[in-house]
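Written out below as structure tokens is the structure these notes cover.
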Amino acid sequence: MTCTHLAAGQVLFREGDTADSVFRVVSGSVDILRELDGDPILLGTVGAGQFIGEMGVVENRPRNATARAASDVEVEILTPTEFLDHIASSPRAARELIQRLSQRLREADDRIVNYERRRGRSHGTRKDADSHTAVESVNNAYLAAKSPWLQRQFHTPLGLGDHPFVVGRGPVAREGLPPLQPDLKLNDNVPFRLSRNHFMIEKRDGSYYVRIIAPEMIADGLAVDDRSKRHCERERMK
């Protein structure tokens, strides 16, 4: 096992690389990204104490994502043998690995259920299209942070794709689950500027629509961008 430091922006490994090691984050944070039509899509951020790259080693398959330092990072590098021996000899480490994989599976299941739920709602509201925000259809549309507050929370533009995309506030103490699981959770403090489910971006018939789920609040600093000039008009959802 070796230890190394990386500066913010340095890449630990890239999607498609051979899975010849596992990293454990000692300090700092690492962004996990995949590419869609050449644009990076942020899947999540890994913090201190967590492993990176274990899936490729366990499955003996190439890396399925790129790992890039989101800040100055210190990591431990384990060979596949060292990692598997560590898991085999440490019930705690094995339990944490199982919990993390279980969480990923649960989040994937939630995305599928939320997608089906939103699709059903969108089919029922096609006649109300005029009450939505229409965005001209383009390729490679993404959600980008404009304000410094948002830029501190996510550094990489998030690709929208063809599935509905929900933006909302992260939970605070003793809050229950929101009606929809947000694809992007933003930290906010009292008095809240965001609701748990604030707005949804949908792609229908070649156009993007922004549906305001919580019209009494305003999300400041978020922009739907396609690297070209477009017109966007917002109205309250009926």
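Following the order of the structure tokens, chains are lettered A, B, ..., residues in each are numbered from 1, and ligands are numbered from 1.
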Range 169-221 of chain A: residues DSSP assigns to strand (DSSP E or B), reported as an MDAnalysis selection string: chainID A and resid 169 184:186 199:204 207:212
Using only C-alpha atoms, I'd like a table of the residues in range 28-113 of chain A that come within 12 Å of range 141-146 of chain A; for each, show the closest atom pair and its distance in Å rounded to one decimal, ordered by chain and ascending number, as CSV.
```
residue,atom,partner,partner_atom,distance
A:Leu36,CA,A:Ala141,CA,10.6
A:Asp37,CA,A:Ala141,CA,10.5
A:Gly38,CA,A:Ala141,CA,11.9
A:Asp39,CA,A:Tyr142,CA,9.0
A:Pro40,CA,A:Tyr142,CA,9.9
A:Ile41,CA,A:Tyr142,CA,9.0
A:Leu42,CA,A:Leu143,CA,10.9
```
Which of range 141-183 of chain A DSSP labels helix (DSSP H, G or I), written as a PyMOL selection string: chain A and resi 148-151
Prev. selection, all heavy atoms, output as a PDB file, in the first residue's frame:
```pdb
ATOM      1  N   PRO A 148     -21.682  31.934  -7.145  1.00  0.00           N
ATOM      2  CA  PRO A 148     -20.620  31.318  -6.340  1.00  0.00           C
ATOM      3  C   PRO A 148     -21.155  30.297  -5.345  1.00  0.00           C
ATOM      4  O   PRO A 148     -20.515  29.275  -5.081  1.00  0.00           O
ATOM      5  CB  PRO A 148     -19.976  32.519  -5.632  1.00  0.00           C
ATOM      6  CG  PRO A 148     -20.269  33.685  -6.522  1.00  0.00           C
ATOM      7  CD  PRO A 148     -21.626  33.410  -7.101  1.00  0.00           C
ATOM      8  N   TRP A 149     -22.343  30.557  -4.777  1.00  0.00           N
ATOM      9  CA  TRP A 149     -22.936  29.634  -3.806  1.00  0.00           C
ATOM     10  C   TRP A 149     -23.173  28.263  -4.431  1.00  0.00           C
ATOM     11  O   TRP A 149     -22.871  27.231  -3.850  1.00  0.00           O
ATOM     12  CB  TRP A 149     -24.245  30.225  -3.294  1.00  0.00           C
ATOM     13  CG  TRP A 149     -25.029  29.318  -2.392  1.00  0.00           C
ATOM     14  CD1 TRP A 149     -24.731  28.941  -1.123  1.00  0.00           C
ATOM     15  CD2 TRP A 149     -26.260  28.658  -2.716  1.00  0.00           C
ATOM     16  NE1 TRP A 149     -25.687  28.083  -0.624  1.00  0.00           N
ATOM     17  CE2 TRP A 149     -26.650  27.895  -1.577  1.00  0.00           C
ATOM     18  CE3 TRP A 149     -27.083  28.632  -3.841  1.00  0.00           C
ATOM     19  CZ2 TRP A 149     -27.795  27.135  -1.549  1.00  0.00           C
ATOM     20  CZ3 TRP A 149     -28.236  27.871  -3.804  1.00  0.00           C
ATOM     21  CH2 TRP A 149     -28.578  27.135  -2.668  1.00  0.00           C
ATOM     22  N   LEU A 150     -23.700  28.261  -5.664  1.00  0.00           N
ATOM     23  CA  LEU A 150     -23.942  27.003  -6.355  1.00  0.00           C
ATOM     24  C   LEU A 150     -22.652  26.380  -6.865  1.00  0.00           C
ATOM     25  O   LEU A 150     -22.487  25.159  -6.846  1.00  0.00           O
ATOM     26  CB  LEU A 150     -24.903  27.225  -7.515  1.00  0.00           C
ATOM     27  CG  LEU A 150     -26.371  27.420  -7.124  1.00  0.00           C
ATOM     28  CD1 LEU A 150     -27.165  27.937  -8.311  1.00  0.00           C
ATOM     29  CD2 LEU A 150     -26.966  26.127  -6.609  1.00  0.00           C
ATOM     30  N   GLN A 151     -21.713  27.198  -7.308  1.00  0.00           N
ATOM     31  CA  GLN A 151     -20.451  26.678  -7.818  1.00  0.00           C
ATOM     32  C   GLN A 151     -19.673  25.942  -6.739  1.00  0.00           C
ATOM     33  O   GLN A 151     -18.912  25.026  -7.030  1.00  0.00           O
ATOM     34  CB  GLN A 151     -19.618  27.821  -8.399  1.00  0.00           C
ATOM     35  CG  GLN A 151     -20.189  28.369  -9.703  1.00  0.00           C
ATOM     36  CD  GLN A 151     -19.524  29.655 -10.142  1.00  0.00           C
ATOM     37  OE1 GLN A 151     -18.641  30.180  -9.459  1.00  0.00           O
ATOM     38  NE2 GLN A 151     -19.944  30.175 -11.280  1.00  0.00           N
TER      39      GLN A 151
END
```
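Pairwise distance (CA of Glu202 in chain A, CA of Glu107 in chain A) equals 19.7 Å.
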Surrounding residues of Gly168 in chain A excluding itself and chain neighbours under 2 positions, 12 Å, only C-alpha atoms, as a PyMOL selection string: chain A and resi 165-166+170-171+177-188+192-201+212-214+217-219+222
Residue neighbourhood range 93-101 of chain A, 12 Å, only C-alpha atoms, exclusion window fewer than 3 positions, as a list in words: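 Close residues of range 93-101 of chain A: Arg24, Val46, Gly49, Gln50, Phe51, Ile52, Gly53, Glu54, Met55, Val58, Phe83, Leu84, Asp85, His86, Ile87, Ala88, Ser89, Ser90, Arg104, Leu105, Arg106, Glu107 and Ala108 of chain A.
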Shell around range 66-74 of chain A at 8 Å using only C-alpha atoms, local window under 3 positions removed, as number ranges by chain: A: 3-15, 25-34, 52, 63
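Restricting the calculation to only C-alpha atoms, the smallest distance between Thr18 in chain A and any of A:Asn60, A:Gly44, A:Gln103, A:Thr2 is found for A:Asn60.
Note that CA of Asn189 in chain A and CA of Gly47 in chain A are 22.0 Å apart.
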Separation of CA of Arg117 in chain A from CA of His163 in chain A in Å: 11.4 Å
Which residue of A:Arg92, A:Asn64, A:Arg174, A:Thr45 approaches Ala19 in chain A most closely, using only C-alpha atoms: A:Asn64
